[in-house]
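K.L.:
My file is model_10.txt. It has compact mmCIF, C-alpha atoms and all ligand atoms:
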# COMPACT_ATOMS: atom_id res chain seq x y z
CA MET A 1 13.25 -9.55 0.19
CA SER A 2 10.53 -11.33 -1.84
CA ASP A 3 9.58 -12.30 -5.32
CA VAL A 4 7.04 -10.18 -7.13
CA LEU A 5 4.53 -11.73 -9.49
CA ASN A 6 4.53 -9.83 -12.77
CA TYR A 7 7.64 -7.85 -11.66
CA GLN A 8 8.07 -4.54 -13.52
CA SER A 9 11.66 -3.35 -13.57
CA ASP A 10 10.57 0.29 -13.82
CA CYS A 11 8.25 0.10 -10.80
CA LEU A 12 9.45 1.62 -7.51
CA PHE A 13 7.20 -0.55 -5.36
CA CYS A 14 8.20 -3.78 -7.16
CA LYS A 15 11.79 -2.81 -6.31
CA ILE A 16 10.83 -2.16 -2.67
CA ILE A 17 9.21 -5.61 -2.38
CA LYS A 18 12.33 -7.21 -3.86
CA GLY A 19 14.51 -5.32 -1.39
CA GLU A 20 16.31 -3.45 -4.17
CA ILE A 21 15.24 -0.19 -2.48
CA PRO A 22 15.23 -0.07 1.35
CA SER A 23 12.01 0.55 3.25
CA ALA A 24 10.76 0.50 6.85
CA LYS A 25 8.69 -2.68 7.10
CA VAL A 26 5.44 -2.62 9.07
CA TYR A 27 4.08 -6.04 8.06
CA GLU A 28 4.72 -8.76 5.49
CA ASP A 29 3.19 -12.05 4.41
CA ASP A 30 3.18 -14.13 1.22
CA PHE A 31 0.73 -11.81 -0.53
CA CYS A 32 1.38 -8.27 0.62
CA TYR A 33 3.94 -5.91 2.10
CA ALA A 34 3.35 -2.88 4.35
CA PHE A 35 5.93 -0.16 4.95
CA LYS A 36 6.15 3.40 6.23
CA ASP A 37 5.55 6.17 3.73
CA ILE A 38 8.75 8.15 3.10
CA ASP A 39 6.83 11.43 3.26
CA PRO A 40 4.26 10.89 6.04
CA GLN A 41 1.10 12.97 5.93
CA ALA A 42 0.00 11.97 9.45
CA PRO A 43 1.70 10.67 12.61
CA VAL A 44 0.91 7.16 11.33
CA HIS A 45 1.22 6.74 7.57
CA PHE A 46 2.04 3.43 5.99
CA LEU A 47 1.34 1.82 2.63
CA VAL A 48 0.08 -1.69 1.96
CA ILE A 49 0.88 -3.17 -1.44
CA PRO A 50 0.25 -6.54 -3.09
CA LYS A 51 3.27 -8.66 -4.00
CA THR A 52 1.81 -8.80 -7.49
CA HIS A 53 2.28 -5.84 -9.77
CA ILE A 54 -1.22 -4.41 -10.31
CA ALA A 55 -1.20 -0.86 -11.67
CA SER A 56 -4.07 0.60 -9.64
CA CYS A 57 -7.63 0.06 -8.38
CA GLY A 58 -8.60 0.42 -12.04
CA ALA A 59 -6.80 -2.85 -12.82
CA VAL A 60 -8.57 -4.91 -10.13
CA THR A 61 -10.47 -7.81 -11.71
CA LYS A 62 -12.17 -11.00 -10.59
CA HIS A 63 -8.78 -12.68 -11.03
CA ASN A 64 -6.92 -10.54 -8.49
CA SER A 65 -9.60 -8.99 -6.25
CA ALA A 66 -9.02 -11.57 -3.49
CA LEU A 67 -5.70 -9.80 -2.89
CA VAL A 68 -7.57 -6.59 -2.16
CA GLY A 69 -9.79 -8.38 0.35
CA HIS A 70 -6.68 -9.81 1.95
CA ILE A 71 -5.06 -6.38 2.14
CA PHE A 72 -8.09 -5.04 4.00
CA GLU A 73 -7.85 -7.95 6.43
CA VAL A 74 -4.21 -7.01 6.98
CA ILE A 75 -5.08 -3.34 7.50
CA SER A 76 -7.61 -4.33 10.16
CA LYS A 77 -5.11 -6.65 11.87
CA VAL A 78 -2.16 -4.24 11.80
CA THR A 79 -4.11 -1.19 12.98
CA GLY A 80 -5.68 -3.35 15.70
CA GLU A 81 -2.25 -4.46 16.88
CA MET A 82 -1.13 -0.83 16.90
CA GLY A 83 -4.14 0.06 19.06
CA ILE A 84 -5.49 2.34 16.36
CA THR A 85 -9.27 2.52 16.10
CA ASP A 86 -9.67 5.64 13.92
CA PHE A 87 -7.87 5.74 10.62
CA ARG A 88 -8.29 6.53 6.95
CA VAL A 89 -7.57 4.22 4.00
CA VAL A 90 -6.89 5.92 0.65
CA SER A 91 -6.05 4.57 -2.78
CA ASN A 92 -5.42 7.15 -5.47
CA CYS A 93 -6.20 5.86 -8.95
CA GLY A 94 -4.69 7.76 -11.86
CA PRO A 95 -2.66 10.99 -11.95
CA GLN A 96 -5.67 13.29 -11.65
CA ALA A 97 -6.56 11.57 -8.37
CA GLY A 98 -2.98 11.95 -7.15
CA GLN A 99 -1.49 8.55 -7.96
CA SER A 100 2.28 8.94 -8.40
CA VAL A 101 3.40 5.29 -8.19
CA LEU A 102 1.67 2.96 -10.62
CA HIS A 103 1.59 -0.11 -8.34
CA LEU A 104 -1.66 -0.58 -6.41
CA HIS A 105 -1.27 0.72 -2.86
CA PHE A 106 -3.45 1.61 0.08
CA HIS A 107 -2.40 4.49 2.30
CA VAL A 108 -3.26 4.00 5.97
CA LEU A 109 -3.28 7.32 7.85
CA ALA A 110 -3.97 7.92 11.54
CA GLY A 111 -3.03 9.94 14.60
CA ARG A 112 -4.61 13.29 13.76
CA ASP A 113 -8.00 14.77 12.92
CA MET A 114 -8.88 14.27 9.25
CA THR A 115 -10.88 16.64 7.12
CA TRP A 116 -13.51 15.89 4.50
CA PRO A 117 -13.71 16.28 1.56
CA PRO A 118 -10.07 15.48 0.76
CA GLY A 119 -8.23 17.97 -1.42
P1 LIG B 201 0.48 8.02 -4.42
O1 LIG B 201 0.94 9.44 -4.60
O2 LIG B 201 0.78 7.20 -5.66
O3 LIG B 201 -0.93 7.85 -3.95
O4 LIG B 201 1.35 7.43 -3.22
C1 LIG B 201 2.69 7.11 -3.38
C2 LIG B 201 3.32 7.25 -2.01
O5 LIG B 201 4.59 6.62 -2.06
C3 LIG B 201 3.56 8.70 -1.60
O6 LIG B 201 2.85 8.97 -0.39
C4 LIG B 201 5.06 8.78 -1.41
O7 LIG B 201 5.45 9.57 -0.30
C5 LIG B 201 5.46 7.34 -1.24
N1 LIG B 201 6.81 7.05 -1.71
C6 LIG B 201 7.38 7.47 -2.88
N2 LIG B 201 8.62 6.99 -3.00
C7 LIG B 201 8.85 6.25 -1.86
C8 LIG B 201 9.98 5.50 -1.39
O8 LIG B 201 11.02 5.39 -2.03
N3 LIG B 201 9.84 4.88 -0.20
C9 LIG B 201 8.69 4.97 0.55
N4 LIG B 201 8.68 4.33 1.72
N5 LIG B 201 7.61 5.66 0.13
C10 LIG B 201 7.69 6.28 -1.05
ZN ZN B 202 5.09 -2.84 -9.28
Re-express the file's structure as structure tokens.

P.N.:
Amino acid sequence: MSDVLNYQSDCLFCKIIKGEIPSAKVYEDDFCYAFKDIDPQAPVHFLVIPKTHIASCGAVTKHNSALVGHIFEVISKVTGEMGITDFRVVSNCGPQAGQSVLHLHFHVLAGRDMTWPPG
């Protein structure tokens, strides 16, 4: 359970960070939280989210972009520790791109062949 900067009471992922909704933790530090996706699309599928409510990639600015760099460091560290070398990182931005939760998140998918282009 952690505090969320700019907590939004109607945001599912803010609630997950706070521990108000249970989740399967993969990694956590002061700035981000990683947990298994409830509806996995690959044998490995977890989400990494900042502990600051940022709506999407479209709301990344010079004031919060360091968090995104940090998240990518975490993705590299966590996949490395899992022994995963081949993986995909996805962030859907906006409903047309498939974003269903309006709190910035990066999907990390691995463990099967991936196709391109994505649907
Ligand atoms: P999006 O569709 O916004 O790119 O990704 C949102 C992701 O959150 C989806 O892959 C969905 O399965 C996942 N998700 C939605 N609700 C929950 C939940 O309550 N717990 C967990 N662990 N994942 C969730
Ligand atoms: Zn949020």

K.L.:
Could you build a table of the residues in chain A lying no more than 8 Å from ligand LIG 201 (chain B), giving for each the nearest pair of atoms and their separation in Å rounded to one decimal place, using only C-alpha atoms and all ligand atoms, ordered by chain and ascending residue number, as CSV?

P.N.:
residue,atom,partner,partner_atom,distance
A:Leu12,CA,B:LIG201,O8,6.8
A:Phe13,CA,B:LIG201,C8,7.8
A:Ile16,CA,B:LIG201,N3,7.5
A:Ile21,CA,B:LIG201,O8,7.0
A:Pro22,CA,B:LIG201,N3,7.5
A:Ser23,CA,B:LIG201,N4,5.3
A:Ala24,CA,B:LIG201,N4,6.7
A:Phe35,CA,B:LIG201,N4,6.2
A:Lys36,CA,B:LIG201,N4,5.3
A:Asp37,CA,B:LIG201,N4,4.2
A:Ile38,CA,B:LIG201,N5,4.0
A:Asp39,CA,B:LIG201,O7,4.2
A:Pro40,CA,B:LIG201,O7,6.6
A:Gln41,CA,B:LIG201,O6,7.7
A:Phe46,CA,B:LIG201,N4,7.9
A:Leu47,CA,B:LIG201,C2,7.4
A:Val90,CA,B:LIG201,O3,7.8
A:Ser91,CA,B:LIG201,O3,6.2
A:Asn92,CA,B:LIG201,O3,4.8
A:Cys93,CA,B:LIG201,O3,7.5
A:Gly98,CA,B:LIG201,O1,5.3
A:Gln99,CA,B:LIG201,O2,3.5
A:Ser100,CA,B:LIG201,O2,3.6
A:Val101,CA,B:LIG201,O2,4.1
A:Leu102,CA,B:LIG201,O2,6.6
A:His103,CA,B:LIG201,O2,7.8
A:His105,CA,B:LIG201,O4,7.2
A:Phe106,CA,B:LIG201,O3,7.8
A:His107,CA,B:LIG201,O3,7.2

K.L.:
Mind pulling up the distance from atom CA of Pro95 of chain A to atom CA of Val78 of chain A?

P.N.:
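According to the coordinates, atom CA of Val78 of chain A and atom CA of Pro95 of chain A are separated by 28.2 Å.
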
K.L.:
Residues contacting ligand ZN 202 (chain B) - anything with an atom at most 12 Å away, using only C-alpha atoms and all ligand atoms - can you give me those as a ChimeraX atom specification?

P.N.:
/A:3-18,32-33,49-56,101-105

K.L.:
Around (-4.0, 11.5, 8.9) in the file's frame, which residues reach within 12 Å when counting only C-alpha atoms? Return as a list in words?

P.N.:
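The distance filter leaves exactly Pro40, Gln41, Ala42, Pro43, Val44, His45, Phe46, Ile84, Asp86, Phe87, Arg88, Val89, Val90, His107, Val108, Leu109, Ala110, Gly111, Arg112, Asp113, Met114, Thr115, Trp116 and Pro118 of chain A.
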
K.L.:
Write the residues of the selection above to a file with C-alpha atoms, as a PDB file, keeping the file's coordinate frame.

P.N.:
ATOM      1  CA  PRO A  40       4.260  10.890   6.040  1.00  0.00           C
ATOM      2  CA  GLN A  41       1.100  12.970   5.930  1.00  0.00           C
ATOM      3  CA  ALA A  42       0.000  11.970   9.450  1.00  0.00           C
ATOM      4  CA  PRO A  43       1.700  10.670  12.610  1.00  0.00           C
ATOM      5  CA  VAL A  44       0.910   7.160  11.330  1.00  0.00           C
ATOM      6  CA  HIS A  45       1.220   6.740   7.570  1.00  0.00           C
ATOM      7  CA  PHE A  46       2.040   3.430   5.990  1.00  0.00           C
ATOM      8  CA  ILE A  84      -5.490   2.340  16.360  1.00  0.00           C
ATOM      9  CA  ASP A  86      -9.670   5.640  13.920  1.00  0.00           C
ATOM     10  CA  PHE A  87      -7.870   5.740  10.620  1.00  0.00           C
ATOM     11  CA  ARG A  88      -8.290   6.530   6.950  1.00  0.00           C
ATOM     12  CA  VAL A  89      -7.570   4.220   4.000  1.00  0.00           C
ATOM     13  CA  VAL A  90      -6.890   5.920   0.650  1.00  0.00           C
ATOM     14  CA  HIS A 107      -2.400   4.490   2.300  1.00  0.00           C
ATOM     15  CA  VAL A 108      -3.260   4.000   5.970  1.00  0.00           C
ATOM     16  CA  LEU A 109      -3.280   7.320   7.850  1.00  0.00           C
ATOM     17  CA  ALA A 110      -3.970   7.920  11.540  1.00  0.00           C
ATOM     18  CA  GLY A 111      -3.030   9.940  14.600  1.00  0.00           C
ATOM     19  CA  ARG A 112      -4.610  13.290  13.760  1.00  0.00           C
ATOM     20  CA  ASP A 113      -8.000  14.770  12.920  1.00  0.00           C
ATOM     21  CA  MET A 114      -8.880  14.270   9.250  1.00  0.00           C
ATOM     22  CA  THR A 115     -10.880  16.640   7.120  1.00  0.00           C
ATOM     23  CA  TRP A 116     -13.510  15.890   4.500  1.00  0.00           C
ATOM     24  CA  PRO A 118     -10.070  15.480   0.760  1.00  0.00           C
TER      25      PRO A 118
END

K.L.:
Take atom CA of Ala34 of chain A and atom CA of Pro117 of chain A and report the distance between them in Å, one decimal.

P.N.:
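Atom CA of Ala34 of chain A sits 25.8 Å away from atom CA of Pro117 of chain A.
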
K.L.:
Between atom CA of Val74 of chain A and atom CA of Val26 of chain A, what is the distance, to one decimal in Å?

P.N.:
10.8 Å

K.L.:
So, with all atoms listed in the file as the atoms that count, which of A:Thr85, A:Ser2, A:Gly119, A:Gly94 lies closest to Cys57 of chain A?

P.N.:
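Ranked by minimum distance to Cys57 of chain A, first place goes to A:Gly94.
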
K.L.:
For Lys25 of chain A, which of A:Leu67, A:Ile75, A:Met82, A:Val48 is the closest residue, counting only C-alpha atoms?

P.N.:
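Going through A:Leu67, A:Ile75, A:Met82, A:Val48 one by one, the smallest distance to Lys25 of chain A is for A:Val48.
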